[in-house]
Each structure stands twice: as structure tokens, then as C-alpha cells.
>>> print(open('coords-v6.cif').read())   # mmCIF, C-alpha atoms and all ligand atoms
data_run
loop_
_atom_site.group_PDB
_atom_site.id
_atom_site.type_symbol
_atom_site.label_atom_id
_atom_site.label_comp_id
_atom_site.auth_asym_id
_atom_site.auth_seq_id
_atom_site.Cartn_x
_atom_site.Cartn_y
_atom_site.Cartn_z
ATOM 1 C CA MET C 320 36.589 10.973 -27.488
ATOM 2 C CA ASN C 321 40.203 9.835 -27.463
ATOM 3 C CA ASN C 322 42.659 10.335 -24.657
ATOM 4 C CA LYS C 323 46.383 9.880 -24.732
ATOM 5 C CA LYS C 324 46.154 6.128 -24.226
ATOM 6 C CA ASN C 325 43.039 5.710 -26.302
ATOM 7 C CA THR C 326 41.284 3.855 -23.515
ATOM 8 C CA HIS C 327 38.296 4.787 -21.390
ATOM 9 C CA LYS C 328 38.820 3.144 -18.046
ATOM 10 C CA ILE C 329 36.377 5.018 -15.886
ATOM 11 C CA VAL C 330 35.541 4.852 -12.185
ATOM 12 C CA LEU C 331 32.188 6.293 -11.101
ATOM 13 C CA LEU C 332 31.939 7.407 -7.484
ATOM 14 C CA GLY C 333 29.035 8.860 -5.559
ATOM 15 C CA PRO C 334 26.600 8.109 -2.743
ATOM 16 C CA GLN C 335 23.633 5.809 -3.191
ATOM 17 C CA ALA C 336 21.060 7.068 -5.737
ATOM 18 C CA CYS C 337 23.321 9.857 -7.039
ATOM 19 C CA GLY C 338 22.692 8.667 -10.605
ATOM 20 C CA LYS C 339 25.809 6.519 -11.123
ATOM 21 C CA GLY C 340 23.802 3.685 -12.622
ATOM 22 C CA THR C 341 21.983 5.945 -15.086
ATOM 23 C CA GLN C 342 25.113 7.815 -16.159
ATOM 24 C CA GLY C 343 27.073 4.575 -16.304
ATOM 25 C CA LYS C 344 24.599 3.153 -18.815
ATOM 26 C CA ILE C 345 24.682 6.344 -20.917
ATOM 27 C CA LEU C 346 28.501 6.481 -20.963
ATOM 28 C CA SER C 347 28.655 2.799 -21.735
ATOM 29 C CA GLU C 348 26.621 3.353 -24.920
ATOM 30 C CA LEU C 349 28.440 6.546 -25.784
ATOM 31 C CA PHE C 350 31.903 4.978 -25.659
ATOM 32 C CA GLY C 351 30.920 1.414 -26.572
ATOM 33 C CA ILE C 352 32.364 -0.013 -23.366
ATOM 34 C CA SER C 353 30.900 -2.243 -20.652
ATOM 35 C CA ARG C 354 29.462 -0.938 -17.420
ATOM 36 C CA ILE C 355 30.507 -3.141 -14.547
ATOM 37 C CA SER C 356 28.546 -2.846 -11.344
ATOM 38 C CA THR C 357 29.819 -5.015 -8.508
ATOM 39 C CA GLY C 358 26.425 -4.536 -6.786
ATOM 40 C CA ASP C 359 24.630 -5.931 -9.868
ATOM 41 C CA MET C 360 27.092 -8.822 -10.019
ATOM 42 C CA PHE C 361 26.385 -9.665 -6.373
ATOM 43 C CA ARG C 362 22.607 -9.343 -6.839
ATOM 44 C CA GLU C 363 22.829 -11.713 -9.788
ATOM 45 C CA GLU C 364 24.633 -14.244 -7.613
ATOM 46 C CA ILE C 365 21.873 -13.892 -5.006
ATOM 47 C CA THR C 366 19.096 -14.298 -7.604
ATOM 48 C CA ASN C 367 20.860 -17.382 -8.989
ATOM 49 C CA LYS C 368 21.220 -18.739 -5.437
ATOM 50 C CA SER C 369 24.870 -19.563 -6.156
ATOM 51 C CA GLU C 370 27.208 -20.567 -3.346
ATOM 52 C CA LEU C 371 28.545 -16.990 -3.247
ATOM 53 C CA GLY C 372 25.007 -15.575 -3.425
ATOM 54 C CA ILE C 373 23.867 -17.547 -0.380
ATOM 55 C CA LYS C 374 26.993 -16.501 1.514
ATOM 56 C CA ILE C 375 26.529 -12.754 0.931
ATOM 57 C CA GLN C 376 22.719 -12.438 0.963
ATOM 58 C CA ASN C 377 22.284 -11.357 4.611
ATOM 59 C CA LEU C 378 25.313 -9.137 4.599
ATOM 60 C CA ILE C 379 24.052 -7.184 1.570
ATOM 61 C CA SER C 380 20.492 -6.798 2.864
ATOM 62 C CA GLU C 381 21.926 -5.319 6.085
ATOM 63 C CA GLY C 382 23.853 -2.738 4.060
ATOM 64 C CA ARG C 383 27.292 -4.098 4.924
ATOM 65 C CA LEU C 384 30.158 -4.542 2.463
ATOM 66 C CA VAL C 385 31.339 -7.831 0.990
ATOM 67 C CA SER C 386 34.987 -8.616 1.817
ATOM 68 C CA ASP C 387 37.661 -6.929 -0.308
ATOM 69 C CA GLU C 388 39.137 -10.310 -1.275
ATOM 70 C CA LEU C 389 35.869 -11.781 -2.549
ATOM 71 C CA THR C 390 34.938 -8.615 -4.399
ATOM 72 C CA PHE C 391 38.326 -8.296 -6.036
ATOM 73 C CA LYS C 392 38.316 -11.941 -7.145
ATOM 74 C CA LEU C 393 35.001 -11.420 -8.904
ATOM 75 C CA LEU C 394 36.050 -8.089 -10.415
ATOM 76 C CA LYS C 395 39.466 -9.259 -11.603
ATOM 77 C CA LYS C 396 37.852 -12.115 -13.509
ATOM 78 C CA ARG C 397 35.340 -9.730 -15.081
ATOM 79 C CA LEU C 398 38.010 -7.198 -16.089
ATOM 80 C CA SER C 399 40.027 -9.914 -17.803
ATOM 81 C CA ASN C 400 37.216 -10.340 -20.352
ATOM 82 C CA ILE C 401 37.999 -9.181 -23.859
ATOM 83 C CA ASP C 402 35.258 -6.500 -23.747
ATOM 84 C CA CYS C 403 37.235 -4.612 -21.089
ATOM 85 C CA ARG C 404 40.417 -4.256 -23.121
ATOM 86 C CA ASN C 405 39.756 -0.716 -24.328
ATOM 87 C CA GLY C 406 37.830 0.469 -21.371
ATOM 88 C CA PHE C 407 35.057 -0.075 -18.860
ATOM 89 C CA ILE C 408 32.942 1.841 -16.428
ATOM 90 C CA LEU C 409 33.191 0.746 -12.826
ATOM 91 C CA ASP C 410 30.099 1.459 -10.752
ATOM 92 C CA GLY C 411 30.408 0.532 -7.085
ATOM 93 C CA TYR C 412 34.133 -0.251 -7.123
ATOM 94 C CA PRO C 413 36.431 0.799 -5.476
ATOM 95 C CA ARG C 414 34.615 1.323 -2.188
ATOM 96 C CA ASN C 415 37.593 1.809 0.126
ATOM 97 C CA ILE C 416 41.287 2.650 -0.151
ATOM 98 C CA GLY C 417 42.230 -1.043 -0.009
ATOM 99 C CA GLN C 418 40.136 -1.660 -3.127
ATOM 100 C CA VAL C 419 41.768 1.349 -4.820
ATOM 101 C CA LYS C 420 45.148 -0.271 -4.295
ATOM 102 C CA TYR C 421 43.911 -3.635 -5.593
ATOM 103 C CA LEU C 422 42.561 -1.938 -8.709
ATOM 104 C CA ASP C 423 45.713 0.086 -9.178
ATOM 105 C CA SER C 424 47.738 -3.132 -9.141
ATOM 106 C CA ILE C 425 45.987 -4.561 -12.213
ATOM 107 C CA THR C 426 45.091 -1.589 -14.415
ATOM 108 C CA ASN C 427 45.531 2.136 -15.026
ATOM 109 C CA ILE C 428 42.368 4.147 -14.593
ATOM 110 C CA ASP C 429 41.895 7.095 -16.999
ATOM 111 C CA PHE C 430 39.052 9.063 -15.397
ATOM 112 C CA VAL C 431 37.380 9.121 -11.992
ATOM 113 C CA ILE C 432 33.987 10.808 -11.923
ATOM 114 C CA GLU C 433 32.406 11.707 -8.601
ATOM 115 C CA ILE C 434 28.690 12.540 -8.778
ATOM 116 C CA ASP C 435 27.700 14.010 -5.426
ATOM 117 C CA ILE C 436 24.354 14.619 -3.724
ATOM 118 C CA SER C 437 23.558 15.222 -0.051
ATOM 119 C CA ASN C 438 22.552 12.371 2.280
ATOM 120 C CA ARG C 439 19.123 13.970 2.550
ATOM 121 C CA GLU C 440 18.647 13.890 -1.223
ATOM 122 C CA ALA C 441 19.930 10.306 -1.361
ATOM 123 C CA VAL C 442 17.442 9.145 1.286
ATOM 124 C CA PHE C 443 14.630 10.977 -0.514
ATOM 125 C CA ARG C 444 15.483 9.352 -3.860
ATOM 126 C CA ILE C 445 15.961 5.873 -2.414
ATOM 127 C CA LYS C 446 12.462 5.922 -0.875
ATOM 128 C CA ASN C 447 10.976 5.897 -4.365
ATOM 129 C CA ARG C 448 13.576 3.678 -5.999
ATOM 130 C CA ARG C 449 12.518 0.288 -7.316
ATOM 131 C CA ILE C 450 14.413 -2.215 -9.469
ATOM 132 C CA CYS C 451 13.538 -5.158 -11.647
ATOM 133 C CA ASP C 452 14.575 -8.348 -9.849
ATOM 134 C CA LYS C 453 15.400 -9.964 -13.193
ATOM 135 C CA CYS C 454 17.208 -7.416 -15.412
ATOM 136 C CA GLY C 455 18.072 -4.730 -12.847
ATOM 137 C CA THR C 456 16.340 -1.845 -14.637
ATOM 138 C CA SER C 457 15.791 1.067 -12.222
ATOM 139 C CA TYR C 458 12.452 2.825 -11.718
ATOM 140 C CA ASP C 459 11.277 5.746 -9.606
ATOM 141 C CA LEU C 460 7.725 5.483 -8.266
ATOM 142 C CA LYS C 461 7.094 9.178 -8.953
ATOM 143 C CA LEU C 462 9.460 10.276 -11.742
ATOM 144 C CA PHE C 463 9.604 7.218 -14.003
ATOM 145 C CA PRO C 464 7.409 4.377 -12.797
ATOM 146 C CA SER C 465 6.991 1.147 -14.779
ATOM 147 C CA LYS C 466 3.971 1.296 -17.120
ATOM 148 C CA LYS C 467 2.291 -1.560 -15.284
ATOM 149 C CA GLU C 468 2.659 -1.392 -11.511
ATOM 150 C CA GLY C 469 5.192 -3.919 -10.241
ATOM 151 C CA ILE C 470 6.071 -5.256 -13.716
ATOM 152 C CA CYS C 471 9.257 -4.396 -15.620
ATOM 153 C CA ASP C 472 8.666 -2.646 -18.976
ATOM 154 C CA LYS C 473 11.723 -4.309 -20.479
ATOM 155 C CA CYS C 474 11.565 -7.952 -19.411
ATOM 156 C CA GLY C 475 8.325 -8.509 -17.480
ATOM 157 C CA GLY C 476 10.238 -9.243 -14.251
ATOM 158 C CA ASN C 477 9.027 -8.092 -10.823
ATOM 159 C CA VAL C 478 9.698 -4.464 -9.932
ATOM 160 C CA VAL C 479 10.632 -4.485 -6.247
ATOM 161 C CA ARG C 480 12.347 -2.494 -3.530
ATOM 162 C CA ARG C 481 15.954 -3.546 -3.099
ATOM 163 C CA ALA C 482 16.562 -5.503 0.099
ATOM 164 C CA ASP C 483 19.108 -2.866 1.140
ATOM 165 C CA ASP C 484 16.922 0.138 0.273
ATOM 166 C CA TYR C 485 15.177 0.167 3.681
ATOM 167 C CA PRO C 486 15.901 2.948 6.231
ATOM 168 C CA GLU C 487 18.326 1.125 8.553
ATOM 169 C CA ALA C 488 20.414 -0.279 5.697
ATOM 170 C CA ILE C 489 20.367 3.055 3.834
ATOM 171 C CA LYS C 490 21.702 4.892 6.895
ATOM 172 C CA LYS C 491 24.488 2.345 7.255
ATOM 173 C CA ARG C 492 25.388 2.405 3.544
ATOM 174 C CA LEU C 493 25.585 6.196 3.434
ATOM 175 C CA MET C 494 27.702 6.290 6.573
ATOM 176 C CA ILE C 495 30.125 3.718 5.137
ATOM 177 C CA TYR C 496 30.284 5.627 1.849
ATOM 178 C CA ARG C 497 31.088 9.005 3.440
ATOM 179 C CA ASN C 498 33.795 7.510 5.662
ATOM 180 C CA GLU C 499 35.477 5.450 3.004
ATOM 181 C CA VAL C 500 35.291 7.863 0.066
ATOM 182 C CA ARG C 501 37.547 10.584 1.500
ATOM 183 C CA PRO C 502 40.881 8.766 1.056
ATOM 184 C CA ILE C 503 39.694 7.471 -2.330
ATOM 185 C CA LEU C 504 39.043 11.024 -3.558
ATOM 186 C CA LYS C 505 42.377 12.156 -2.163
ATOM 187 C CA PHE C 506 44.187 9.347 -3.985
ATOM 188 C CA TYR C 507 42.631 10.089 -7.379
ATOM 189 C CA LYS C 508 42.892 13.849 -6.957
ATOM 190 C CA LYS C 509 46.610 13.470 -6.439
ATOM 191 C CA LYS C 510 46.779 11.471 -9.654
ATOM 192 C CA LYS C 511 44.852 14.276 -11.413
ATOM 193 C CA LEU C 512 42.110 11.900 -12.500
ATOM 194 C CA LEU C 513 39.211 13.313 -10.483
ATOM 195 C CA ILE C 514 36.218 15.044 -12.094
ATOM 196 C CA LYS C 515 33.639 16.395 -9.637
ATOM 197 C CA ILE C 516 30.006 16.728 -10.728
ATOM 198 C CA ASN C 517 27.005 18.098 -8.846
ATOM 199 C CA GLY C 518 24.333 15.377 -9.015
ATOM 200 C CA LEU C 519 21.440 17.801 -8.453
ATOM 201 C CA ASN C 520 20.715 18.313 -12.116
ATOM 202 C CA THR C 521 18.931 16.709 -15.059
ATOM 203 C CA VAL C 522 20.288 13.470 -16.484
ATOM 204 C CA GLU C 523 21.189 15.211 -19.782
ATOM 205 C CA ASN C 524 22.946 18.049 -18.026
ATOM 206 C CA ILE C 525 24.998 15.712 -15.896
ATOM 207 C CA THR C 526 26.077 13.713 -18.958
ATOM 208 C CA GLU C 527 27.139 16.959 -20.651
ATOM 209 C CA ARG C 528 29.136 18.022 -17.602
ATOM 210 C CA ILE C 529 30.835 14.643 -17.432
ATOM 211 C CA LYS C 530 31.817 14.834 -21.104
ATOM 212 C CA ASN C 531 33.138 18.386 -20.664
ATOM 213 C CA GLY C 532 35.016 17.327 -17.561
ATOM 214 C CA MET C 533 36.657 14.493 -19.481
ATOM 215 C CA VAL C 534 37.705 16.807 -22.315
ATOM 216 C CA GLU C 535 39.186 19.250 -19.802
ATOM 217 C CA LYS C 536 40.999 16.431 -18.019
ATOM 218 C CA MET C 537 42.501 15.240 -21.295
ATOM 219 C CA GLY C 538 43.833 18.742 -21.818
ATOM 220 C CA GLU C 539 45.513 18.531 -18.425
ATOM 221 C CA ILE C 540 46.949 15.070 -19.055
ATOM 222 C CA ILE C 541 48.313 15.562 -22.585
HETATM 223 P P1 LIG Z 601 25.442 -1.150 -4.929
HETATM 224 O O1 LIG Z 601 24.458 -1.686 -5.919
HETATM 225 O O2 LIG Z 601 26.704 -0.642 -5.573
HETATM 226 O O3 LIG Z 601 24.837 -0.181 -3.954
HETATM 227 O O4 LIG Z 601 25.931 -2.422 -4.055
HETATM 228 C C1 LIG Z 601 25.031 -3.160 -3.273
HETATM 229 C C2 LIG Z 601 25.778 -3.924 -2.196
HETATM 230 O O5 LIG Z 601 26.707 -4.850 -2.798
HETATM 231 C C3 LIG Z 601 26.637 -3.073 -1.279
HETATM 232 O O6 LIG Z 601 25.904 -2.479 -0.224
HETATM 233 C C4 LIG Z 601 27.643 -4.112 -0.767
HETATM 234 O O7 LIG Z 601 27.062 -4.956 0.207
HETATM 235 C C5 LIG Z 601 27.900 -4.941 -2.018
HETATM 236 N N1 LIG Z 601 29.006 -4.359 -2.807
HETATM 237 C C6 LIG Z 601 28.923 -3.778 -4.049
HETATM 238 N N2 LIG Z 601 30.136 -3.352 -4.456
HETATM 239 C C7 LIG Z 601 30.997 -3.648 -3.458
HETATM 240 C C8 LIG Z 601 32.383 -3.435 -3.269
HETATM 241 N N3 LIG Z 601 33.135 -2.809 -4.166
HETATM 242 N N4 LIG Z 601 32.949 -3.893 -2.106
HETATM 243 C C9 LIG Z 601 32.223 -4.527 -1.174
HETATM 244 N N5 LIG Z 601 30.900 -4.733 -1.276
HETATM 245 C C10 LIG Z 601 30.283 -4.305 -2.403
#
>>> encode(input="coords-v6.cif", output="C-alpha cells")
Amino acid sequence: MNNKKNTHKIVLLGPQACGKGTQGKILSELFGISRISTGDMFREEITNKSELGIKIQNLISEGRLVSDELTFKLLKKRLSNIDCRNGFILDGYPRNIGQVKYLDSITNIDFVIEIDISNREAVFRIKNRRICDKCGTSYDLKLFPSKKEGICDKCGGNVVRRADDYPEAIKKRLMIYRNEVRPILKFYKKKKLLIKINGLNTVENITERIKNGMVEKMGEII
């Protein structure tokens, strides 16, 4: 799929557990571009017990956001990698209007895809969500559990509940998301980049809708 600029710089928005991670991985394969999740990058820092990881560990497990400056520093470095030249999929960034402006100052985004589900659905999904503490693969205790309980199918790592997937942190994260996303949506809608998708659907169906949305958007842009 080619757009006017021949790049696929994509922002994925949506509340926790809306399916951003899953769709991000699918789109990444489809377009041959990297999926960049700031949450994954932070979790990796925590697992590696780096200086940054130690600094942000408590903050993340309480469901709070890392500072805009720190996040942008990490993201800017990642986006300067050669693999991001023709496109990338951002999952978890931008998270507030300040971050939108930061992003806008270093690159031109081509598509913004918002996958929405209700808070109730998000809480329901998060209850069953587990991730591998080594490679980050996502599991659902009911819908797609790991073959061996607690062990990752892909790398043998431990399948655990994320530190910020507990009720208090979930409530806080959803509240932050809803408050901060409004001006972000307004900004991208004005730029005619926004594609809205209902997240209450099968994975395949959502991918199809995203692809159709992108084709339609290209028609509007060209
Ligand atoms: P996620 O995996 O996207 O839900 O991110 C997990 C946690 O990482 C968030 O709750 C924040 O504490 C932190 N984080 C991820 N992305 C950002 C961001 N763009 N700005 C600030 N904090 C972030």
C-alpha cells in the first residue's frame, strides 16, 4: 500500500487492552516496518535493571506516566534508527498533547488509527491478560493461554501479570488515557489523519477495517 509520500508512519491510539499491540504486530509484518512500543521499551529497561529502569519502576507499577522529556529522549533515539526511515508503528506514543507536539517537531505522521473499546471491556480483558517477562508476548488466560501454564510458548520465559495490570493501576491508567486522548484526537482529526475503528471485533476484522480505512484516507489525501 503506497501513499503519496510512500511512507507508513503510523500512530496507534486506544485504551489499554484495545488490541493495539496485536494489530501493531500484524501491521508491522504487513508493511515491513518496525513496531515501537514505548511501554515495551520501558519494561525492557526495568527487566535489565538499567539506571532508567530503576528510576521508573515504581512509577510504572502505579500506573503513572513517565515524564515527557525522558520518554521523548528514548523515542527520538529509536526513531533515528535506519529501520524507521520508511515508516514505523507507534504504540503507546503520543500519550498527551505535549507528546504530540514533540513528535510533530521531528517527523510527519501519515496515519493515526484509534481502536476504541469501553472502559468496562478494557477492565474485563486486562483481568485475563498475561505477558512473557522476557519477550513480551501477550496471552489471555481464557482466549489464548500459553500451552504450558506460566511458560512462554515462544521463548520459555515466565508468563506473568504486568505490574500495572492490577485494579488500582488499571483505573488510573484508563482515567489518564480518557483525559489525555481528547486533544490528541482533535489534533489529528484536524490534520485529516484520524481513522476510527471499533475494537469490539475479531482480530482479522479489525485488521481489514484498518487497511480499508488507510486506503480511504489516501483517497482523501491525494
Ligand atoms: P503501555 O505498555 O503502553 O501500557 O505502557 C506501560 C507504562 O509505560 C505506562 O503506564 C507508562 O507508565 C509508561 N509509558 C509508556 N508510554 C509512555 C508515554 N508515551 N509517555 C509516558 N509514559 C509512558
>>> atom_distance(input="coords-v6.cif", atom1="CA of Ala488 (chain C)", atom2="CA of Lys515 (chain C)")
26.2 Å
>>> closest_atom_pairs(input="coords-v6.cif", of="region 483-513 of chain C", to="region 379-392 of chain C", cutoff="8 Å", atoms="only C-alpha atoms", output="CSV")
residue,atom,partner,partner_atom,distance
C:Asp483,CA,C:Ser380,CA,4.5
C:Glu487,CA,C:Glu381,CA,7.8
C:Ala488,CA,C:Gly382,CA,4.5
C:Ile489,CA,C:Gly382,CA,6.8
C:Lys491,CA,C:Gly382,CA,6.0
C:Arg492,CA,C:Gly382,CA,5.4
>>> closest_residue(input="coords-v6.cif", among="C:Ser347, C:Ser353, C:Thr526, C:Gln418", to="Pro502 (chain C)", atoms="only C-alpha atoms")
C:Gln418
>>> closest_residue(input="coords-v6.cif", among="C:Leu371, C:Leu394, C:Leu512, C:Met537", to="Ile425 (chain C)", atoms="all atoms listed in the file")
C:Leu394
>>> closest_residue(input="coords-v6.cif", among="C:Ser465, C:Gly455, C:Asp410, C:Lys508", to="Lys536 (chain C)", atoms="all atoms listed in the file")
C:Lys508
>>> decode(input="coords-v6.cif", residues="region 513-526 of chain C", atoms="all heavy atoms", output="tab-separated table (two decimals), in the first residue's frame")
chain	number	residue	atom	x	y	z
C	513	LEU	N	-6.94	10.96	11.04
C	513	LEU	CA	-7.54	10.03	12.00
C	513	LEU	C	-8.46	8.97	11.37
C	513	LEU	O	-9.34	9.29	10.59
C	513	LEU	CB	-8.33	10.84	13.03
C	513	LEU	CG	-8.92	10.08	14.21
C	513	LEU	CD1	-7.81	9.46	15.05
C	513	LEU	CD2	-9.78	10.99	15.07
C	514	ILE	N	-8.21	7.72	11.74
C	514	ILE	CA	-9.06	6.60	11.31
C	514	ILE	C	-9.62	5.95	12.58
C	514	ILE	O	-8.85	5.52	13.44
C	514	ILE	CB	-8.23	5.55	10.53
C	514	ILE	CG1	-7.62	6.19	9.28
C	514	ILE	CG2	-9.06	4.33	10.18
C	514	ILE	CD1	-6.52	5.35	8.63
C	515	LYS	N	-10.95	5.92	12.71
C	515	LYS	CA	-11.55	5.40	13.94
C	515	LYS	C	-12.06	3.97	13.73
C	515	LYS	O	-12.78	3.72	12.76
C	515	LYS	CB	-12.71	6.29	14.39
C	515	LYS	CG	-12.25	7.61	14.98
C	515	LYS	CD	-13.40	8.57	15.17
C	515	LYS	CE	-14.06	8.42	16.51
C	515	LYS	NZ	-13.31	8.99	17.61
C	516	ILE	N	-11.69	3.06	14.62
C	516	ILE	CA	-12.05	1.66	14.47
C	516	ILE	C	-12.70	1.16	15.77
C	516	ILE	O	-12.18	1.42	16.87
C	516	ILE	CB	-10.77	0.79	14.22
C	516	ILE	CG1	-9.95	1.33	13.04
C	516	ILE	CG2	-11.11	-0.68	14.07
C	516	ILE	CD1	-10.47	1.02	11.67
C	517	ASN	N	-13.80	0.42	15.62
C	517	ASN	CA	-14.42	-0.18	16.80
C	517	ASN	C	-13.64	-1.45	17.17
C	517	ASN	O	-13.51	-2.37	16.36
C	517	ASN	CB	-15.88	-0.51	16.44
C	517	ASN	CG	-16.63	-1.13	17.60
C	517	ASN	OD1	-16.03	-1.50	18.62
C	517	ASN	ND2	-17.94	-1.26	17.46
C	518	GLY	N	-13.11	-1.47	18.39
C	518	GLY	CA	-12.25	-2.58	18.82
C	518	GLY	C	-13.00	-3.83	19.25
C	518	GLY	O	-12.39	-4.84	19.61
C	519	LEU	N	-14.34	-3.78	19.22
C	519	LEU	CA	-15.14	-4.95	19.62
C	519	LEU	C	-15.39	-5.81	18.39
C	519	LEU	O	-16.48	-5.81	17.84
C	519	LEU	CB	-16.48	-4.50	20.20
C	519	LEU	CG	-16.60	-4.40	21.69
C	519	LEU	CD1	-18.05	-4.22	22.09
C	519	LEU	CD2	-15.99	-5.58	22.43
C	520	ASN	N	-14.37	-6.49	17.94
C	520	ASN	CA	-14.48	-7.27	16.72
C	520	ASN	C	-13.36	-8.30	16.70
C	520	ASN	O	-12.48	-8.27	17.54
C	520	ASN	CB	-14.34	-6.32	15.53
C	520	ASN	CG	-15.36	-6.64	14.46
C	520	ASN	OD1	-15.53	-7.80	14.12
C	520	ASN	ND2	-16.02	-5.63	13.95
C	521	THR	N	-13.36	-9.18	15.71
C	521	THR	CA	-12.27	-10.17	15.66
C	521	THR	C	-10.99	-9.48	15.20
C	521	THR	O	-11.04	-8.42	14.56
C	521	THR	CB	-12.58	-11.30	14.65
C	521	THR	OG1	-12.71	-10.70	13.35
C	521	THR	CG2	-13.84	-12.05	15.00
C	522	VAL	N	-9.87	-10.11	15.51
C	522	VAL	CA	-8.57	-9.55	15.11
C	522	VAL	C	-8.53	-9.33	13.60
C	522	VAL	O	-8.14	-8.26	13.11
C	522	VAL	CB	-7.43	-10.52	15.55
C	522	VAL	CG1	-6.09	-10.11	14.96
C	522	VAL	CG2	-7.34	-10.58	17.07
C	523	GLU	N	-8.97	-10.35	12.84
C	523	GLU	CA	-8.92	-10.28	11.37
C	523	GLU	C	-9.78	-9.13	10.83
C	523	GLU	O	-9.38	-8.40	9.94
C	523	GLU	CB	-9.43	-11.59	10.72
C	523	GLU	CG	-8.57	-12.82	11.01
C	523	GLU	CD	-8.74	-13.36	12.43
C	523	GLU	OE1	-9.77	-13.01	13.07
C	523	GLU	OE2	-7.86	-14.09	12.91
C	524	ASN	N	-10.96	-9.02	11.43
C	524	ASN	CA	-11.88	-7.97	11.00
C	524	ASN	C	-11.33	-6.57	11.26
C	524	ASN	O	-11.47	-5.67	10.44
C	524	ASN	CB	-13.18	-8.14	11.81
C	524	ASN	CG	-14.37	-8.10	10.92
C	524	ASN	OD1	-14.50	-7.16	10.15
C	524	ASN	ND2	-15.21	-9.12	10.99
C	525	ILE	N	-10.68	-6.44	12.40
C	525	ILE	CA	-10.12	-5.13	12.74
C	525	ILE	C	-8.99	-4.79	11.78
C	525	ILE	O	-8.90	-3.66	11.28
C	525	ILE	CB	-9.66	-5.09	14.22
C	525	ILE	CG1	-10.89	-5.16	15.13
C	525	ILE	CG2	-8.84	-3.85	14.53
C	525	ILE	CD1	-10.61	-5.25	16.60
C	526	THR	N	-8.15	-5.78	11.46
C	526	THR	CA	-7.06	-5.53	10.51
C	526	THR	C	-7.65	-5.07	9.17
C	526	THR	O	-7.17	-4.11	8.56
C	526	THR	CB	-6.22	-6.81	10.28
C	526	THR	OG1	-5.83	-7.32	11.54
C	526	THR	CG2	-4.99	-6.53	9.44
